[in-house]
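Chemist: If it helps, the file is called model.cif and holds mmCIF, C-alpha atoms and all ligand atoms:
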```
data_data
loop_
_atom_site.label_atom_id
_atom_site.label_comp_id
_atom_site.auth_asym_id
_atom_site.auth_seq_id
_atom_site.Cartn_x
_atom_site.Cartn_y
_atom_site.Cartn_z
CA MET C 1 0.00 0.00 0.00
CA GLN C 2 2.94 2.29 0.65
CA GLY C 3 3.39 4.85 -2.10
CA GLY C 4 -0.06 4.11 -3.45
CA ASN C 5 -3.33 5.53 -2.27
CA LYS C 6 -3.42 6.67 1.32
CA PRO C 7 -5.53 4.37 3.49
CA LYS C 8 -8.85 5.89 4.48
CA THR C 9 -11.39 5.31 7.20
CA GLY C 10 -13.61 2.41 6.26
CA ASN C 11 -10.95 0.64 4.21
CA LEU C 12 -10.68 -3.05 4.71
CA VAL C 13 -7.19 -3.87 5.94
CA THR C 14 -5.28 -7.06 6.63
CA PRO C 15 -2.27 -7.70 8.88
CA GLY C 16 0.86 -5.99 7.62
CA ASP C 17 -0.96 -3.33 5.60
CA TRP C 18 0.82 -0.02 5.82
CA LEU C 19 -1.42 2.62 7.40
CA GLY C 20 0.85 5.62 7.68
CA VAL C 21 3.67 7.00 9.79
CA ILE C 22 3.81 7.84 13.51
CA GLU C 23 4.24 11.56 12.71
CA GLU C 24 0.65 11.44 11.45
CA PHE C 25 -1.02 9.43 14.18
CA THR C 26 -0.61 7.24 17.26
CA PRO C 27 -1.06 3.54 16.70
CA GLY C 28 -4.19 2.28 18.47
CA GLU C 29 -5.77 -1.14 18.85
CA GLY C 30 -5.40 -3.48 15.90
CA THR C 31 -2.21 -1.75 14.75
CA TYR C 32 1.52 -1.83 15.48
CA GLU C 33 4.47 0.43 14.89
CA GLU C 34 7.72 -0.57 13.27
CA ASN C 35 10.53 1.77 12.24
CA GLY C 36 8.27 4.78 12.41
CA ALA C 37 5.52 3.27 10.30
CA VAL C 38 2.12 2.03 11.45
CA TYR C 39 0.73 -1.27 10.20
CA ALA C 40 -2.47 -3.23 10.70
CA SER C 41 -2.14 -6.20 13.03
CA THR C 42 -5.59 -7.64 12.41
CA VAL C 43 -8.21 -7.99 9.70
CA GLY C 44 -10.71 -5.19 9.97
CA ARG C 45 -11.98 -1.77 9.06
CA LEU C 46 -9.67 1.16 9.39
CA LEU C 47 -10.70 4.01 11.64
CA ILE C 48 -8.67 7.21 11.49
CA ASP C 49 -9.44 9.77 14.14
CA ASN C 50 -8.13 13.05 12.73
CA VAL C 51 -8.94 14.98 15.89
CA GLU C 52 -7.14 12.69 18.34
CA LYS C 53 -4.59 11.77 15.67
CA ARG C 54 -5.08 8.09 16.34
CA VAL C 55 -5.51 5.15 14.06
CA LYS C 56 -7.08 1.81 14.88
CA VAL C 57 -8.47 -1.23 13.19
CA ILE C 58 -11.91 -2.51 14.16
CA PRO C 59 -11.61 -6.28 13.85
CA ILE C 60 -14.05 -8.23 11.74
CA GLU C 61 -14.68 -11.90 11.77
CA ALA C 62 -11.99 -13.29 9.50
CA ARG C 63 -14.10 -16.19 8.31
CA ALA C 64 -16.70 -13.74 6.98
CA LEU C 65 -14.24 -11.70 4.98
CA PRO C 66 -15.17 -11.97 1.30
CA LYS C 67 -12.32 -13.24 -0.83
CA LYS C 68 -11.80 -13.29 -4.55
CA GLY C 69 -13.83 -16.15 -6.03
CA ASP C 70 -16.30 -16.39 -3.12
CA ILE C 71 -20.01 -16.67 -3.71
CA VAL C 72 -21.94 -14.10 -1.69
CA LEU C 73 -25.56 -13.11 -1.18
CA GLY C 74 -26.59 -9.51 -0.99
CA LYS C 75 -29.27 -6.94 -1.46
CA VAL C 76 -29.18 -4.29 -4.15
CA THR C 77 -29.32 -0.92 -2.39
CA GLN C 78 -29.03 1.49 -5.29
CA ILE C 79 -28.19 1.64 -8.95
CA ASN C 80 -27.04 4.15 -11.50
CA LYS C 81 -26.42 3.80 -15.22
CA MET C 82 -23.12 1.98 -14.79
CA LEU C 83 -23.02 0.66 -11.24
CA THR C 84 -25.07 -1.47 -8.88
CA PHE C 85 -24.43 -1.11 -5.16
CA VAL C 86 -24.92 -4.17 -2.99
CA ASP C 87 -25.00 -4.84 0.75
CA ILE C 88 -23.30 -8.21 1.10
CA GLY C 89 -25.01 -10.06 3.94
CA ARG C 90 -23.85 -13.62 3.49
CA VAL C 91 -20.37 -14.86 2.69
CA ARG C 92 -19.59 -18.52 1.97
CA GLY C 93 -22.84 -19.47 3.69
CA HIS C 94 -22.27 -17.39 6.82
CA ASP C 95 -24.62 -14.54 7.65
CA ILE C 96 -22.73 -11.47 8.72
CA ALA C 97 -23.91 -8.79 11.11
CA ASN C 98 -22.36 -5.78 9.40
CA PRO C 99 -22.77 -6.02 5.63
CA PHE C 100 -19.85 -5.36 3.33
CA SER C 101 -20.35 -2.88 0.50
CA GLY C 102 -20.05 -4.34 -2.96
CA VAL C 103 -20.41 -2.99 -6.44
CA ILE C 104 -21.20 -4.52 -9.82
CA HIS C 105 -20.07 -2.75 -12.95
CA ILE C 106 -22.56 -2.90 -15.82
CA SER C 107 -20.13 -5.02 -17.86
CA GLN C 108 -20.10 -7.61 -15.05
CA ILE C 109 -23.86 -8.20 -14.92
CA SER C 110 -24.47 -10.58 -17.80
CA THR C 111 -22.90 -12.20 -20.85
CA GLU C 112 -25.58 -10.36 -22.81
CA TYR C 113 -25.26 -6.65 -23.51
CA VAL C 114 -26.93 -4.54 -20.83
CA GLU C 115 -27.59 -0.95 -21.86
CA ASN C 116 -28.88 0.31 -18.52
CA THR C 117 -28.32 -1.25 -15.13
CA SER C 118 -32.06 -0.97 -14.43
CA ASP C 119 -32.72 -3.42 -17.30
CA ALA C 120 -31.09 -6.14 -15.21
CA LEU C 121 -31.02 -5.25 -11.51
CA LYS C 122 -33.18 -3.11 -9.24
CA PRO C 123 -32.95 -1.86 -5.65
CA GLY C 124 -34.39 -4.43 -3.25
CA ASP C 125 -33.38 -7.43 -5.38
CA ILE C 126 -31.63 -10.25 -3.55
CA ILE C 127 -28.72 -11.46 -5.61
CA ARG C 128 -26.09 -14.18 -5.64
CA ALA C 129 -22.76 -12.93 -6.91
CA ARG C 130 -19.10 -13.85 -7.12
CA VAL C 131 -16.30 -11.70 -5.73
CA VAL C 132 -13.92 -10.62 -8.50
CA GLU C 133 -11.81 -8.24 -6.42
CA GLU C 134 -11.83 -7.69 -2.67
CA LYS C 135 -9.18 -4.99 -2.36
CA GLY C 136 -10.21 -1.36 -2.07
CA GLU C 137 -13.18 0.32 -0.53
CA LEU C 138 -15.85 -1.56 -2.46
CA ILE C 139 -15.78 -5.26 -3.12
CA GLN C 140 -16.23 -5.86 -6.84
CA LEU C 141 -18.79 -8.46 -7.81
CA THR C 142 -19.98 -10.23 -10.92
CA THR C 143 -23.26 -11.94 -11.80
CA VAL C 144 -22.36 -13.12 -15.31
CA GLU C 145 -22.43 -16.85 -14.58
CA LYS C 146 -25.67 -18.79 -15.10
CA ASN C 147 -26.17 -19.55 -11.41
CA LEU C 148 -25.56 -15.92 -10.46
CA GLY C 149 -27.89 -12.96 -10.52
CA VAL C 150 -31.24 -12.18 -8.93
CA ILE C 151 -32.67 -14.95 -6.73
CA TYR C 152 -35.56 -12.93 -5.31
CA ALA C 153 -37.25 -9.81 -6.65
CA ALA C 154 -40.36 -7.86 -5.80
CA CYS C 155 -42.64 -6.14 -8.30
CA SER C 156 -41.58 -2.52 -8.67
CA LYS C 157 -45.24 -1.48 -8.98
CA CYS C 158 -46.96 -3.33 -6.14
CA GLY C 159 -44.21 -5.01 -4.13
CA SER C 160 -45.47 -8.59 -4.56
CA GLU C 161 -42.97 -11.35 -5.14
CA LEU C 162 -42.21 -11.79 -8.84
CA GLU C 163 -42.52 -15.26 -10.30
CA ARG C 164 -40.47 -16.60 -13.11
CA THR C 165 -42.09 -17.43 -16.43
CA GLY C 166 -39.43 -18.43 -18.93
CA ASN C 167 -36.81 -15.74 -18.89
CA ILE C 168 -38.96 -12.95 -17.55
CA LEU C 169 -40.51 -12.22 -14.19
CA TYR C 170 -44.23 -11.88 -13.74
CA CYS C 171 -46.39 -10.34 -11.01
CA LYS C 172 -49.50 -12.37 -10.30
CA ASN C 173 -50.99 -9.50 -8.37
CA CYS C 174 -50.81 -6.64 -10.88
CA GLU C 175 -49.82 -8.61 -14.01
CA SER C 176 -46.77 -6.49 -14.65
CA LYS C 177 -43.77 -8.06 -16.34
CA GLU C 178 -40.19 -7.26 -15.43
CA ILE C 179 -36.76 -8.17 -16.65
CA ARG C 180 -33.79 -9.06 -14.50
CA LYS C 181 -30.52 -10.89 -14.83
CA ILE C 182 -31.88 -13.89 -12.95
CA ALA C 183 -29.95 -16.79 -11.50
CA SER C 184 -30.83 -20.17 -13.04
CA ASP C 185 -32.57 -21.24 -9.81
CA TYR C 186 -34.65 -18.09 -9.36
CA GLY C 187 -37.74 -18.82 -7.28
CA ARG C 188 -36.31 -22.04 -5.88
CA VAL C 189 -33.88 -20.58 -3.36
CA LYS C 190 -34.59 -20.78 0.35
CA LEU C 191 -33.30 -17.55 1.85
ZN ZN C 201 -47.15 -6.17 -9.08
#
```
Starting from the file, give its structure as structure tokens.
Modeler:
Amino acid sequence: MQGGNKPKTGNLVTPGDWLGVIEEFTPGEGTYEENGAVYASTVGRLLIDNVEKRVKVIPIEARALPKKGDIVLGKVTQINKMLTFVDIGRVRGHDIANPFSGVIHISQISTEYVENTSDALKPGDIIRARVVEEKGELIQLTTVEKNLGVIYAACSKCGSELERTGNILYCKNCESKEIRKIASDYGRVKL
């Protein structure tokens, strides 16, 4: 990390990650000092207190830490034209108390061309995704594989659960039809 981007509050850090120098801040819990530099001693979220000039690492459960290649479950929180933001709530089958923030780039949604994110994913959708990169502030996810994508979605008009008919989703309540990048087992997943 040294020489690259300066670590920021909220960053996910692992033992040995360079956090800064002692001229900037005092090493607090979850950190150690060596030759004037401060490093993380545990896996966790970085917390920099600019008033007290202290740095610490809030530990997180190591087994829940999403790693490249992991399958995760999450909820879409917001979307824009290019990006989908996801709260990751389950990692390798373990529910986690404090969700990780993930993001899916539009090119990582489907093998088919997606012009607008909203043609494939919508806020509130529950998705299964794979971690493509876990470094940095946001964990990067993909849903391109057949078994990845939306596993539960609610009608954006009336909120009822959408059912799958062929490759589209259908609302029995208000008869509206919606499109998503659905996982192959949509509608058959026990959450
Ligand atoms: Zn509906």
Chemist: Restricting the calculation to only C-alpha atoms: of C:Ile58, C:Asn50, C:Asn11, C:Arg164, which residue gets closest to Gly30 (chain C)?
Modeler: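 Between C:Ile58, C:Asn50, C:Asn11, C:Arg164, the residue approaching Gly30 (chain C) most closely is C:Ile58.
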Chemist: Give the residue list for ligand ZN 201 (chain C) at 10 Å, counting only C-alpha atoms and all ligand atoms, as a list in words, sorted by chain and then by residue number.
Modeler: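 Every residue with an atom at most 10 Å from ligand ZN 201 (chain C) is listed here: Ala154, Cys155, Ser156, Lys157, Cys158, Gly159, Ser160, Glu161, Leu162, Tyr170, Cys171, Lys172, Asn173, Cys174, Glu175, Ser176, Lys177 and Glu178 of chain C.
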Chemist: Work out how far CA of Asn80 (chain C) is from CA of Ile96 (chain C), in Å to one decimal.
Modeler: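 Calculated distance between CA of Ile96 (chain C) and CA of Asn80 (chain C) is 25.9 Å.
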Chemist: Any idea what's packed within 7 Å of region 32-41 of chain C, counting only C-alpha atoms, ignoring anything in its chain fewer than 2 positions away? Could you give it as a list in words?
Modeler: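 The residues satisfying every condition are Val13, Thr14, Pro15, Gly16, Asp17, Trp18, Leu19, Gly20, Val21, Ile22, Pro27, Gly30 and Val57 of chain C.
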Chemist: Output C-alpha atoms of each residue in that selection to a file, as a compact mmCIF listing (two decimals), in the frame of the given file.
Modeler:
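This is the output file selection-v2.txt:
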```txt
# COMPACT_ATOMS: atom_id res chain seq x y z
CA VAL C 13 -7.19 -3.87 5.94
CA THR C 14 -5.28 -7.06 6.63
CA PRO C 15 -2.27 -7.70 8.88
CA GLY C 16 0.86 -5.99 7.62
CA ASP C 17 -0.96 -3.33 5.60
CA TRP C 18 0.82 -0.02 5.82
CA LEU C 19 -1.42 2.62 7.40
CA GLY C 20 0.85 5.62 7.68
CA VAL C 21 3.67 7.00 9.79
CA ILE C 22 3.81 7.84 13.51
CA PRO C 27 -1.06 3.54 16.70
CA GLY C 30 -5.40 -3.48 15.90
CA VAL C 57 -8.47 -1.23 13.19
```
Chemist: Once you count all atoms listed in the file, which residues end up no further than 10 Å from (-24.4, -19.9, -16.3) in the file's frame, shown as a CSV table (one decimal) with C-alpha atoms, in the coordinates of the input?
Modeler:
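Writing the result to part32.csv gives the following:
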```csv
chain,number,residue,atom,x,y,z
C,110,SER,CA,-24.5,-10.6,-17.8
C,111,THR,CA,-22.9,-12.2,-20.8
C,143,THR,CA,-23.3,-11.9,-11.8
C,144,VAL,CA,-22.4,-13.1,-15.3
C,145,GLU,CA,-22.4,-16.8,-14.6
C,146,LYS,CA,-25.7,-18.8,-15.1
C,147,ASN,CA,-26.2,-19.6,-11.4
C,148,LEU,CA,-25.6,-15.9,-10.5
C,149,GLY,CA,-27.9,-13.0,-10.5
C,183,ALA,CA,-30.0,-16.8,-11.5
C,184,SER,CA,-30.8,-20.2,-13.0
```
Chemist: Mind pulling up the distance from CA of Pro7 (chain C) to CA of Ile88 (chain C)?
Modeler: 21.9 Å
Chemist: Mind listing as a PyMOL selection string all residues within 12 Å of (-11.6, -1.9, -2.8), counting only C-alpha atoms?
Modeler: chain C and resi 5+7-8+10-13+45+66-68+100-103+131-141
Chemist: Write out as a PyMOL selection string each polymer residue whose atoms come within 10 Å of Glu52 (chain C), counting only C-alpha atoms; drop sequence neighbours fewer than 4 positions from it.
Modeler: chain C and resi 25-26+48
Chemist: Please determine, counting all atoms listed in the file, which residue among C:Lys190, C:Lys122, C:Arg90, C:Lys56 has the shortest atom-to-atom distance to Gly44 (chain C).
Modeler: C:Lys56
Chemist: Just the residues within 6 Å of Thr117 (chain C), please, counting only C-alpha atoms, with nothing from its chain fewer than 2 positions along; format it as a PDB file with C-alpha atoms, keeping the file's coordinate frame.
Modeler:
```
ATOM      1  CA  LYS C  81     -26.420   3.800 -15.220  1.00  0.00           C
ATOM      2  CA  ASP C 119     -32.720  -3.420 -17.300  1.00  0.00           C
ATOM      3  CA  ALA C 120     -31.090  -6.140 -15.210  1.00  0.00           C
TER       4      ALA C 120
END
```
Chemist: Rounded to one decimal place, report the CA of Arg180 (chain C)-CA of Leu121 (chain C) distance in Å.
Modeler: 5.6 Å
Chemist: Which residues are close to Ile127 (chain C), i.e. within 8 Å by only C-alpha atoms, leaving aside same-chain residues fewer than 6 positions away? Reply as a PyMOL selection string.
Modeler: chain C and resi 73-76+148-152
Chemist: Using all atoms listed in the file, which of C:Pro99, C:Pro123, C:Gly89, C:Ala64 sits nearest Leu191 (chain C)?
Modeler: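 Once distances to Leu191 (chain C) are computed over all atoms listed in the file, the minimum belongs to C:Gly89.
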Chemist: Using all atoms listed in the file, which of C:Thr9, C:Val72, C:Met82, C:Glu163 sits nearest Leu47 (chain C)?
Modeler: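 Checking each candidate against Leu47 (chain C), we get C:Thr9 as the closest.
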